[in-house]
file coords-v6.pdb (PDB, N, CA and C atoms)
ATOM      1  N   MET Q   7     107.147  94.159  47.207
ATOM      2  CA  MET Q   7     107.730  92.852  47.100
ATOM      3  C   MET Q   7     108.624  92.812  45.859
ATOM      4  N   LYS Q   8     109.837  92.350  46.039
ATOM      5  CA  LYS Q   8     110.768  92.221  44.924
ATOM      6  C   LYS Q   8     110.667  90.803  44.364
ATOM      7  N   MET Q   9     110.508  90.720  43.053
ATOM      8  CA  MET Q   9     110.431  89.412  42.397
ATOM      9  C   MET Q   9     111.394  89.393  41.217
ATOM     10  N   ILE Q  10     111.994  88.240  40.993
ATOM     11  CA  ILE Q  10     112.925  88.072  39.872
ATOM     12  C   ILE Q  10     112.560  86.792  39.141
ATOM     13  N   GLN Q  11     112.376  86.902  37.833
ATOM     14  CA  GLN Q  11     112.193  85.710  37.022
ATOM     15  C   GLN Q  11     113.583  85.233  36.620
ATOM     16  N   ALA Q  12     113.968  84.090  37.147
ATOM     17  CA  ALA Q  12     115.343  83.610  37.015
ATOM     18  C   ALA Q  12     115.841  83.566  35.573
ATOM     19  N   LEU Q  13     115.015  83.100  34.658
ATOM     20  CA  LEU Q  13     115.469  82.966  33.275
ATOM     21  C   LEU Q  13     115.589  84.307  32.562
ATOM     22  N   LEU Q  14     115.020  85.370  33.140
ATOM     23  CA  LEU Q  14     115.103  86.700  32.542
ATOM     24  C   LEU Q  14     116.151  87.584  33.220
ATOM     25  N   ALA Q  15     116.719  87.113  34.324
ATOM     26  CA  ALA Q  15     117.759  87.883  35.024
ATOM     27  C   ALA Q  15     118.979  88.010  34.113
ATOM     28  N   PRO Q  16     119.646  89.168  34.122
ATOM     29  CA  PRO Q  16     120.829  89.334  33.269
ATOM     30  C   PRO Q  16     121.978  88.433  33.712
ATOM     31  N   GLU Q  17     122.753  87.988  32.746
ATOM     32  CA  GLU Q  17     123.921  87.162  33.042
ATOM     33  C   GLU Q  17     125.055  88.032  33.565
ATOM     34  N   ALA Q  18     125.882  87.441  34.426
ATOM     35  CA  ALA Q  18     127.051  88.126  34.978
ATOM     36  C   ALA Q  18     128.318  87.497  34.415
ATOM     37  N   GLU Q  19     129.315  88.334  34.191
ATOM     38  CA  GLU Q  19     130.619  87.804  33.771
ATOM     39  C   GLU Q  19     131.192  86.980  34.908
ATOM     40  N   ASN Q  20     131.940  85.942  34.541
ATOM     41  CA  ASN Q  20     132.540  85.076  35.555
ATOM     42  C   ASN Q  20     133.746  84.377  34.959
ATOM     43  N   PRO Q  21     134.666  83.901  35.811
ATOM     44  CA  PRO Q  21     135.893  83.278  35.295
ATOM     45  C   PRO Q  21     135.675  81.890  34.691
ATOM     46  N   HIS Q  22     134.471  81.354  34.830
ATOM     47  CA  HIS Q  22     134.195  80.015  34.323
ATOM     48  C   HIS Q  22     133.689  80.030  32.882
ATOM     49  N   GLY Q  23     133.240  81.196  32.411
ATOM     50  CA  GLY Q  23     132.764  81.316  31.042
ATOM     51  C   GLY Q  23     131.447  80.608  30.780
ATOM     52  N   VAL Q  24     130.598  80.520  31.806
ATOM     53  CA  VAL Q  24     129.294  79.873  31.659
ATOM     54  C   VAL Q  24     128.197  80.869  32.041
ATOM     55  N   SER Q  25     126.949  80.483  31.846
ATOM     56  CA  SER Q  25     125.826  81.345  32.172
ATOM     57  C   SER Q  25     125.591  81.378  33.685
ATOM     58  N   VAL Q  26     125.782  82.556  34.279
ATOM     59  CA  VAL Q  26     125.534  82.773  35.705
ATOM     60  C   VAL Q  26     124.597  83.964  35.826
ATOM     61  N   ARG Q  27     123.450  83.741  36.443
ATOM     62  CA  ARG Q  27     122.455  84.801  36.616
ATOM     63  C   ARG Q  27     122.264  85.085  38.106
ATOM     64  N   PRO Q  28     122.746  86.243  38.587
ATOM     65  CA  PRO Q  28     122.525  86.602  39.995
ATOM     66  C   PRO Q  28     121.025  86.778  40.258
ATOM     67  N   LEU Q  29     120.545  86.160  41.337
ATOM     68  CA  LEU Q  29     119.130  86.210  41.669
ATOM     69  C   LEU Q  29     118.855  86.938  42.983
ATOM     70  N   HIS Q  30     119.805  86.867  43.910
ATOM     71  CA  HIS Q  30     119.599  87.457  45.231
ATOM     72  C   HIS Q  30     120.957  87.859  45.776
ATOM     73  N   ASP Q  31     121.050  89.086  46.299
ATOM     74  CA  ASP Q  31     122.343  89.591  46.768
ATOM     75  C   ASP Q  31     122.110  90.583  47.901
ATOM     76  N   THR Q  32     122.407  90.155  49.126
ATOM     77  CA  THR Q  32     122.305  91.032  50.287
ATOM     78  C   THR Q  32     123.623  90.961  51.046
ATOM     79  N   GLU Q  33     123.721  91.668  52.138
ATOM     80  CA  GLU Q  33     124.950  91.602  52.930
ATOM     81  C   GLU Q  33     125.133  90.232  53.577
ATOM     82  N   HIS Q  34     124.079  89.413  53.617
ATOM     83  CA  HIS Q  34     124.125  88.132  54.307
ATOM     84  C   HIS Q  34     124.239  86.912  53.402
ATOM     85  N   VAL Q  35     123.722  87.008  52.191
ATOM     86  CA  VAL Q  35     123.653  85.828  51.332
ATOM     87  C   VAL Q  35     123.668  86.237  49.858
ATOM     88  N   ALA Q  36     124.190  85.355  49.026
ATOM     89  CA  ALA Q  36     124.175  85.565  47.572
ATOM     90  C   ALA Q  36     123.668  84.285  46.921
ATOM     91  N   ALA Q  37     122.778  84.430  45.927
ATOM     92  CA  ALA Q  37     122.243  83.273  45.213
ATOM     93  C   ALA Q  37     122.311  83.535  43.714
ATOM     94  N   VAL Q  38     122.759  82.535  42.971
ATOM     95  CA  VAL Q  38     122.838  82.632  41.513
ATOM     96  C   VAL Q  38     122.289  81.356  40.904
ATOM     97  N   MET Q  39     121.833  81.460  39.661
ATOM     98  CA  MET Q  39     121.451  80.281  38.903
ATOM     99  C   MET Q  39     122.502  80.071  37.821
ATOM    100  N   ILE Q  40     123.066  78.888  37.812
ATOM    101  CA  ILE Q  40     124.062  78.526  36.807
ATOM    102  C   ILE Q  40     123.416  77.591  35.798
ATOM    103  N   THR Q  41     123.596  77.900  34.519
ATOM    104  CA  THR Q  41     123.118  77.030  33.445
ATOM    105  C   THR Q  41     124.335  76.475  32.721
ATOM    106  N   LEU Q  42     124.388  75.163  32.605
ATOM    107  CA  LEU Q  42     125.476  74.498  31.893
ATOM    108  C   LEU Q  42     124.901  73.710  30.732
ATOM    109  N   GLU Q  43     125.388  74.012  29.551
ATOM    110  CA  GLU Q  43     125.022  73.222  28.377
ATOM    111  C   GLU Q  43     125.856  71.937  28.394
ATOM    112  N   PRO Q  44     125.464  70.915  27.614
ATOM    113  CA  PRO Q  44     126.234  69.669  27.596
ATOM    114  C   PRO Q  44     127.727  69.933  27.365
ATOM    115  N   GLY Q  45     128.549  69.326  28.204
ATOM    116  CA  GLY Q  45     130.005  69.465  28.092
ATOM    117  C   GLY Q  45     130.586  70.648  28.850
ATOM    118  N   GLN Q  46     129.768  71.576  29.319
ATOM    119  CA  GLN Q  46     130.282  72.726  30.069
ATOM    120  C   GLN Q  46     130.489  72.356  31.533
ATOM    121  N   SER Q  47     131.382  73.112  32.187
ATOM    122  CA  SER Q  47     131.608  72.893  33.616
ATOM    123  C   SER Q  47     132.213  74.140  34.241
ATOM    124  N   LEU Q  48     132.099  74.206  35.564
ATOM    125  CA  LEU Q  48     132.840  75.208  36.321
ATOM    126  C   LEU Q  48     134.253  74.684  36.491
ATOM    127  N   LYS Q  49     135.208  75.579  36.583
ATOM    128  CA  LYS Q  49     136.575  75.191  36.881
ATOM    129  C   LYS Q  49     136.650  74.814  38.362
ATOM    130  N   LEU Q  50     137.535  73.885  38.688
ATOM    131  CA  LEU Q  50     137.725  73.525  40.086
ATOM    132  C   LEU Q  50     138.158  74.778  40.841
ATOM    133  N   HIS Q  51     137.466  75.088  41.930
ATOM    134  CA  HIS Q  51     137.760  76.296  42.694
ATOM    135  C   HIS Q  51     137.331  76.113  44.137
ATOM    136  N   ARG Q  52     137.681  77.075  44.957
ATOM    137  CA  ARG Q  52     137.198  77.078  46.336
ATOM    138  C   ARG Q  52     136.722  78.480  46.675
ATOM    139  N   THR Q  53     135.745  78.537  47.547
ATOM    140  CA  THR Q  53     135.186  79.816  47.966
ATOM    141  C   THR Q  53     135.421  79.999  49.465
ATOM    142  N   PRO Q  54     135.474  81.257  49.919
ATOM    143  CA  PRO Q  54     135.782  81.520  51.325
ATOM    144  C   PRO Q  54     134.605  81.321  52.270
ATOM    145  N   VAL Q  55     133.443  80.926  51.747
ATOM    146  CA  VAL Q  55     132.241  80.761  52.575
ATOM    147  C   VAL Q  55     131.547  79.444  52.233
ATOM    148  N   ASP Q  56     130.639  79.019  53.098
ATOM    149  CA  ASP Q  56     129.831  77.840  52.825
ATOM    150  C   ASP Q  56     128.894  78.119  51.653
ATOM    151  N   ALA Q  57     128.553  77.051  50.944
ATOM    152  CA  ALA Q  57     127.601  77.162  49.836
ATOM    153  C   ALA Q  57     126.782  75.886  49.778
ATOM    154  N   PHE Q  58     125.673  75.957  49.053
ATOM    155  CA  PHE Q  58     124.987  74.722  48.697
ATOM    156  C   PHE Q  58     124.519  74.830  47.261
ATOM    157  N   PHE Q  59     124.402  73.662  46.626
ATOM    158  CA  PHE Q  59     123.979  73.554  45.244
ATOM    159  C   PHE Q  59     122.643  72.810  45.238
ATOM    160  N   PHE Q  60     121.669  73.344  44.503
ATOM    161  CA  PHE Q  60     120.359  72.712  44.404
ATOM    162  C   PHE Q  60     120.046  72.511  42.932
ATOM    163  N   ALA Q  61     119.962  71.251  42.510
ATOM    164  CA  ALA Q  61     119.715  70.925  41.108
ATOM    165  C   ALA Q  61     118.273  71.262  40.745
ATOM    166  N   LEU Q  62     118.114  72.143  39.762
ATOM    167  CA  LEU Q  62     116.792  72.565  39.300
ATOM    168  C   LEU Q  62     116.340  71.792  38.069
ATOM    169  N   GLU Q  63     117.282  71.522  37.187
ATOM    170  CA  GLU Q  63     116.954  70.902  35.897
ATOM    171  C   GLU Q  63     118.127  70.049  35.447
ATOM    172  N   GLY Q  64     117.852  68.900  34.872
ATOM    173  CA  GLY Q  64     118.909  68.024  34.387
ATOM    174  C   GLY Q  64     119.573  67.277  35.529
ATOM    175  N   GLU Q  65     120.682  66.619  35.205
ATOM    176  CA  GLU Q  65     121.415  65.820  36.183
ATOM    177  C   GLU Q  65     122.878  66.239  36.201
ATOM    178  N   PRO Q  66     123.198  67.284  36.983
ATOM    179  CA  PRO Q  66     124.581  67.746  37.058
ATOM    180  C   PRO Q  66     125.463  66.759  37.817
ATOM    181  N   THR Q  67     126.730  66.790  37.495
ATOM    182  CA  THR Q  67     127.729  66.077  38.284
ATOM    183  C   THR Q  67     128.365  67.112  39.199
ATOM    184  N   VAL Q  68     128.397  66.801  40.486
ATOM    185  CA  VAL Q  68     128.930  67.730  41.483
ATOM    186  C   VAL Q  68     130.154  67.085  42.121
ATOM    187  N   GLU Q  69     131.230  67.852  42.214
ATOM    188  CA  GLU Q  69     132.455  67.385  42.858
ATOM    189  C   GLU Q  69     132.746  68.309  44.040
ATOM    190  N   VAL Q  70     132.845  67.732  45.218
ATOM    191  CA  VAL Q  70     133.158  68.489  46.437
ATOM    192  C   VAL Q  70     134.222  67.703  47.206
ATOM    193  N   GLY Q  71     135.383  68.328  47.417
ATOM    194  CA  GLY Q  71     136.438  67.680  48.180
ATOM    195  C   GLY Q  71     136.902  66.365  47.591
ATOM    196  N   GLY Q  72     136.896  66.250  46.274
ATOM    197  CA  GLY Q  72     137.361  65.039  45.609
ATOM    198  C   GLY Q  72     136.285  63.974  45.444
ATOM    199  N   GLU Q  73     135.150  64.117  46.119
ATOM    200  CA  GLU Q  73     134.038  63.178  45.945
ATOM    201  C   GLU Q  73     133.154  63.690  44.809
ATOM    202  N   ARG Q  74     132.794  62.797  43.900
ATOM    203  CA  ARG Q  74     132.077  63.207  42.686
ATOM    204  C   ARG Q  74     130.838  62.335  42.491
ATOM    205  N   ARG Q  75     129.684  63.015  42.289
ATOM    206  CA  ARG Q  75     128.432  62.286  42.084
ATOM    207  C   ARG Q  75     127.549  63.013  41.089
ATOM    208  N   THR Q  76     126.821  62.246  40.299
ATOM    209  CA  THR Q  76     125.784  62.808  39.446
ATOM    210  C   THR Q  76     124.505  62.791  40.263
ATOM    211  N   ILE Q  77     123.817  63.941  40.286
ATOM    212  CA  ILE Q  77     122.633  64.062  41.138
ATOM    213  C   ILE Q  77     121.382  64.305  40.305
ATOM    214  N   ALA Q  78     120.257  63.957  40.886
ATOM    215  CA  ALA Q  78     118.959  64.144  40.233
ATOM    216  C   ALA Q  78     118.417  65.533  40.546
ATOM    217  N   PRO Q  79     117.465  66.014  39.739
ATOM    218  CA  PRO Q  79     116.814  67.286  40.069
ATOM    219  C   PRO Q  79     116.217  67.229  41.470
ATOM    220  N   TRP Q  80     116.167  68.387  42.100
ATOM    221  CA  TRP Q  80     115.617  68.579  43.437
ATOM    222  C   TRP Q  80     116.504  67.978  44.527
ATOM    223  N   THR Q  81     117.800  67.826  44.211
ATOM    224  CA  THR Q  81     118.777  67.343  45.185
ATOM    225  C   THR Q  81     119.649  68.510  45.629
ATOM    226  N   LEU Q  82     119.933  68.570  46.930
ATOM    227  CA  LEU Q  82     120.774  69.618  47.501
ATOM    228  C   LEU Q  82     122.100  69.012  47.936
ATOM    229  N   VAL Q  83     123.210  69.700  47.630
ATOM    230  CA  VAL Q  83     124.551  69.252  48.001
ATOM    231  C   VAL Q  83     125.234  70.380  48.770
ATOM    232  N   ASP Q  84     125.759  70.059  49.956
ATOM    233  CA  ASP Q  84     126.518  71.030  50.748
ATOM    234  C   ASP Q  84     127.932  71.147  50.219
ATOM    235  N   SER Q  85     128.482  72.359  50.281
ATOM    236  CA  SER Q  85     129.861  72.611  49.889
ATOM    237  C   SER Q  85     130.489  73.524  50.941
ATOM    238  N   PRO Q  86     131.249  72.955  51.883
ATOM    239  CA  PRO Q  86     131.839  73.758  52.950
ATOM    240  C   PRO Q  86     132.875  74.760  52.434
ATOM    241  N   ALA Q  87     133.061  75.822  53.180
ATOM    242  CA  ALA Q  87     134.044  76.856  52.843
ATOM    243  C   ALA Q  87     135.426  76.238  52.641
ATOM    244  N   LEU Q  88     136.150  76.756  51.661
ATOM    245  CA  LEU Q  88     137.544  76.426  51.361
ATOM    246  C   LEU Q  88     137.775  75.013  50.821
ATOM    247  N   VAL Q  89     136.722  74.245  50.611
ATOM    248  CA  VAL Q  89     136.856  72.900  50.045
ATOM    249  C   VAL Q  89     136.733  72.999  48.524
ATOM    250  N   PRO Q  90     137.704  72.473  47.774
ATOM    251  CA  PRO Q  90     137.627  72.545  46.315
ATOM    252  C   PRO Q  90     136.347  71.879  45.793
ATOM    253  N   HIS Q  91     135.729  72.541  44.804
ATOM    254  CA  HIS Q  91     134.481  72.019  44.251
ATOM    255  C   HIS Q  91     134.280  72.514  42.827
ATOM    256  N   ARG Q  92     133.346  71.850  42.140
ATOM    257  CA  ARG Q  92     132.936  72.276  40.806
ATOM    258  C   ARG Q  92     131.654  71.553  40.427
ATOM    259  N   ILE Q  93     130.994  72.089  39.416
ATOM    260  CA  ILE Q  93     129.785  71.479  38.873
ATOM    261  C   ILE Q  93     130.041  71.239  37.392
ATOM    262  N   LEU Q  94     129.677  70.051  36.923
ATOM    263  CA  LEU Q  94     129.909  69.672  35.538
ATOM    264  C   LEU Q  94     128.611  69.199  34.901
ATOM    265  N   ASN Q  95     128.522  69.379  33.592
ATOM    266  CA  ASN Q  95     127.407  68.797  32.850
ATOM    267  C   ASN Q  95     127.979  67.755  31.908
ATOM    268  N   GLU Q  96     127.931  66.516  32.344
ATOM    269  CA  GLU Q  96     128.427  65.402  31.548
ATOM    270  C   GLU Q  96     127.294  64.702  30.800
ATOM    271  N   SER Q  97     126.115  65.303  30.842
ATOM    272  CA  SER Q  97     124.940  64.718  30.195
ATOM    273  C   SER Q  97     124.754  65.302  28.790
ATOM    274  N   MET Q  98     123.691  64.902  28.142
ATOM    275  CA  MET Q  98     123.378  65.392  26.799
ATOM    276  C   MET Q  98     122.278  66.456  26.832
ATOM    277  N   THR Q  99     121.869  66.872  28.035
ATOM    278  CA  THR Q  99     120.816  67.878  28.170
ATOM    279  C   THR Q  99     121.291  69.026  29.057
ATOM    280  N   ARG Q 100     120.612  70.134  28.968
ATOM    281  CA  ARG Q 100     120.934  71.322  29.760
ATOM    282  C   ARG Q 100     120.769  71.027  31.256
ATOM    283  N   VAL Q 101     121.623  71.677  32.058
ATOM    284  CA  VAL Q 101     121.592  71.562  33.512
ATOM    285  C   VAL Q 101     121.436  72.962  34.095
ATOM    286  N   ARG Q 102     120.570  73.090  35.106
ATOM    287  CA  ARG Q 102     120.450  74.355  35.846
ATOM    288  C   ARG Q 102     120.578  74.051  37.327
ATOM    289  N   VAL Q 103     121.387  74.879  38.019
ATOM    290  CA  VAL Q 103     121.657  74.682  39.442
ATOM    291  C   VAL Q 103     121.548  76.024  40.153
ATOM    292  N   LEU Q 104     120.853  76.025  41.283
ATOM    293  CA  LEU Q 104     120.821  77.186  42.157
ATOM    294  C   LEU Q 104     121.997  77.051  43.112
ATOM    295  N   VAL Q 105     122.822  78.101  43.202
ATOM    296  CA  VAL Q 105     123.963  78.119  44.115
ATOM    297  C   VAL Q 105     123.728  79.235  45.125
ATOM    298  N   VAL Q 106     123.792  78.876  46.403
ATOM    299  CA  VAL Q 106     123.595  79.846  47.477
ATOM    300  C   VAL Q 106     124.850  79.862  48.337
ATOM    301  N   LYS Q 107     125.419  81.070  48.543
ATOM    302  CA  LYS Q 107     126.606  81.256  49.372
ATOM    303  C   LYS Q 107     126.222  82.062  50.608
ATOM    304  N   THR Q 108     126.642  81.536  51.766
ATOM    305  CA  THR Q 108     126.339  82.226  53.015
ATOM    306  C   THR Q 108     127.456  82.047  54.019
ATOM    307  N   PRO Q 109     127.875  83.095  54.680
ATOM    308  CA  PRO Q 109     127.456  84.467  54.419
ATOM    309  C   PRO Q 109     127.972  84.930  53.058
ATOM    310  N   LYS Q 110     127.435  86.029  52.581
ATOM    311  CA  LYS Q 110     127.882  86.554  51.289
ATOM    312  C   LYS Q 110     129.398  86.762  51.334
ATOM    313  N   PRO Q 111     130.123  86.246  50.351
ATOM    314  CA  PRO Q 111     131.575  86.417  50.348
ATOM    315  C   PRO Q 111     131.998  87.874  50.211
ATOM    316  N   THR Q 112     133.045  88.241  50.926
ATOM    317  CA  THR Q 112     133.608  89.585  50.798
ATOM    318  C   THR Q 112     134.894  89.567  49.987
ATOM    319  N   THR Q 113     135.384  88.345  49.684
ATOM    320  CA  THR Q 113     136.559  88.177  48.820
ATOM    321  C   THR Q 113     136.205  87.151  47.745
ATOM    322  N   SER Q 114     136.962  87.155  46.668
ATOM    323  CA  SER Q 114     136.716  86.240  45.554
ATOM    324  C   SER Q 114     137.174  84.829  45.899
ATOM    325  N   GLY Q 115     136.559  83.870  45.205
ATOM    326  CA  GLY Q 115     137.025  82.502  45.297
ATOM    327  C   GLY Q 115     138.338  82.351  44.540
ATOM    328  N   LYS Q 116     138.922  81.175  44.610
ATOM    329  CA  LYS Q 116     140.204  80.936  43.947
ATOM    330  C   LYS Q 116     140.092  79.750  42.998
ATOM    331  N   ILE Q 117     140.396  80.002  41.724
ATOM    332  CA  ILE Q 117     140.451  78.922  40.735
ATOM    333  C   ILE Q 117     141.690  78.095  41.024
ATOM    334  N   LEU Q 118     141.551  76.787  40.982
ATOM    335  CA  LEU Q 118     142.688  75.897  41.295
ATOM    336  C   LEU Q 118     143.290  75.311  40.039
TER     337      LEU Q 118
END
call {"tool": "encode", "arguments": {"input": "coords-v6.pdb", "output": "structure tokens"}}
result
Amino acid sequence: MKMIQALLAPEAENPHGVSVRPLHDTEHVAAVMITLEPGQSLKLHRTPVDAFFFALEGEPTVEVGGERRTIAPWTLVDSPALVPHRILNESMTRVRVLVVKTPKPTTSGKIL
């Protein structure tokens, strides 16, 4: 059985300059945990596959297709393929979000 402790997983470089820890990566799906400190955010971008965001800690602000909402922990937000999106931390506390992309992308997303 393969197990990963999310907070101990190594960080991956990314164009957003935030903490991204890959947790699961197969030919079918990719999952990462993103940690945003107060004031940090992902750049507006789009990905070639469907994704969902699941708030683990804090209250992230999620923007998908121009609609923007601050969500509570344990909330899931769908993000369809090719729709511009981003996650922001507009709060005063740390935010952690699980991001799952399916199917696993074979090309990079595009920063807008």
call {"tool": "resolve_selection", "arguments": {"input": "coords-v6.pdb", "expression": "the PyMOL selection byres ((chain Q and resi 82-88) around 6)", "output": "ChimeraX atom specification"}}
result
/Q:52-61,80-81,89-90
call {"tool": "select_by_dssp", "arguments": {"input": "coords-v6.pdb", "residues": "chain Q", "states": "strand (DSSP E)", "output": "ChimeraX atom specification"}}
result
/Q:25-31,36-42,51-52,56-63,67-70,73-76,82-85,91-94,101-108,116-117
call {"tool": "resolve_selection", "arguments": {"input": "coords-v6.pdb", "expression": "the PyMOL selection byres (((chain Q and resi 10 and name CA) around 12) and name CA)", "output": "list in words"}}
result
Met7, Lys8, Met9, Gln11, Ala12, Leu13, Leu14, Ala15, Pro16, Arg27, Pro28, Leu29, His30, Asp31, Ala37, Val38 and Met39 of chain Q
call {"tool": "closest_residue", "arguments": {"input": "coords-v6.pdb", "among": "Q:Val68, Q:Ala18, Q:Leu42, Q:Ala36", "to": "Ile93 of chain Q", "atoms": "only C-alpha atoms"}}
result
Q:Val68
call {"tool": "resolve_selection", "arguments": {"input": "coords-v6.pdb", "expression": "the PyMOL selection byres (((chain Q and resi 35 and name CA) around 6) and name CA)", "output": "JSON, numbers by chain"}}
result
{"Q": [32, 34, 36, 107, 108, 109, 110]}
call {"tool": "closest_residue", "arguments": {"input": "coords-v6.pdb", "among": "Q:Ser47, Q:Asn20, Q:Ser25, Q:Thr41", "to": "Arg100 of chain Q", "atoms": "only C-alpha atoms"}}
result
Q:Thr41
call {"tool": "atom_distance", "arguments": {"input": "coords-v6.pdb", "atom1": "atom CA of Arg102 of chain Q", "atom2": "atom CA of Ile77 of chain Q"}}
result
11.8 Å
call {"tool": "atom_distance", "arguments": {"input": "coords-v6.pdb", "atom1": "atom N of Leu50 of chain Q", "atom2": "atom CA of Glu63 of chain Q"}}
result
21.0 Å
call {"tool": "closest_residue", "arguments": {"input": "coords-v6.pdb", "among": "Q:Val24, Q:Glu96, Q:Ala78, Q:His51", "to": "Gly115 of chain Q", "atoms": "all atoms listed in the file"}}
result
Q:His51
call {"tool": "axis_aligned_box", "arguments": {"input": "coords-v6.pdb", "around": "segment 22-30 of chain Q", "padding_each_side": "4 Å", "output": "lines of an AutoDock Vina configuration file"}}
result
center_x = 126.7
center_y = 83.9
center_z = 38.3
size_x = 23.6
size_y = 16.0
size_z = 23.0
call {"tool": "atom_distance", "arguments": {"input": "coords-v6.pdb", "atom1": "atom N of Gly71 of chain Q", "atom2": "atom C of His91 of chain Q"}}
result
6.3 Å
call {"tool": "residues_near_point", "arguments": {"input": "coords-v6.pdb", "point": "(122.2, 66.2, 36.0)", "cutoff": "6.5 Å", "atoms": "all atoms listed in the file", "output": "list in words"}}
result
Glu63, Gly64, Glu65, Pro66, Thr67, Thr76, Ile77, Ala78, Pro79 and Val101 of chain Q
call {"tool": "closest_residue", "arguments": {"input": "coords-v6.pdb", "among": "Q:Arg92, Q:Glu43, Q:Lys49, Q:Val106", "to": "Val70 of chain Q", "atoms": "only N, CA and C atoms"}}
result
Q:Arg92
call {"tool": "residues_around", "arguments": {"input": "coords-v6.pdb", "residues": "Pro44 of chain Q", "least_positions_apart": "3", "cutoff": "6 Å", "atoms": "only C-alpha atoms", "output": "list of chain:residue names"}}
result
Q:Asn95, Q:Ser97, Q:Met98, Q:Thr99, Q:Arg100
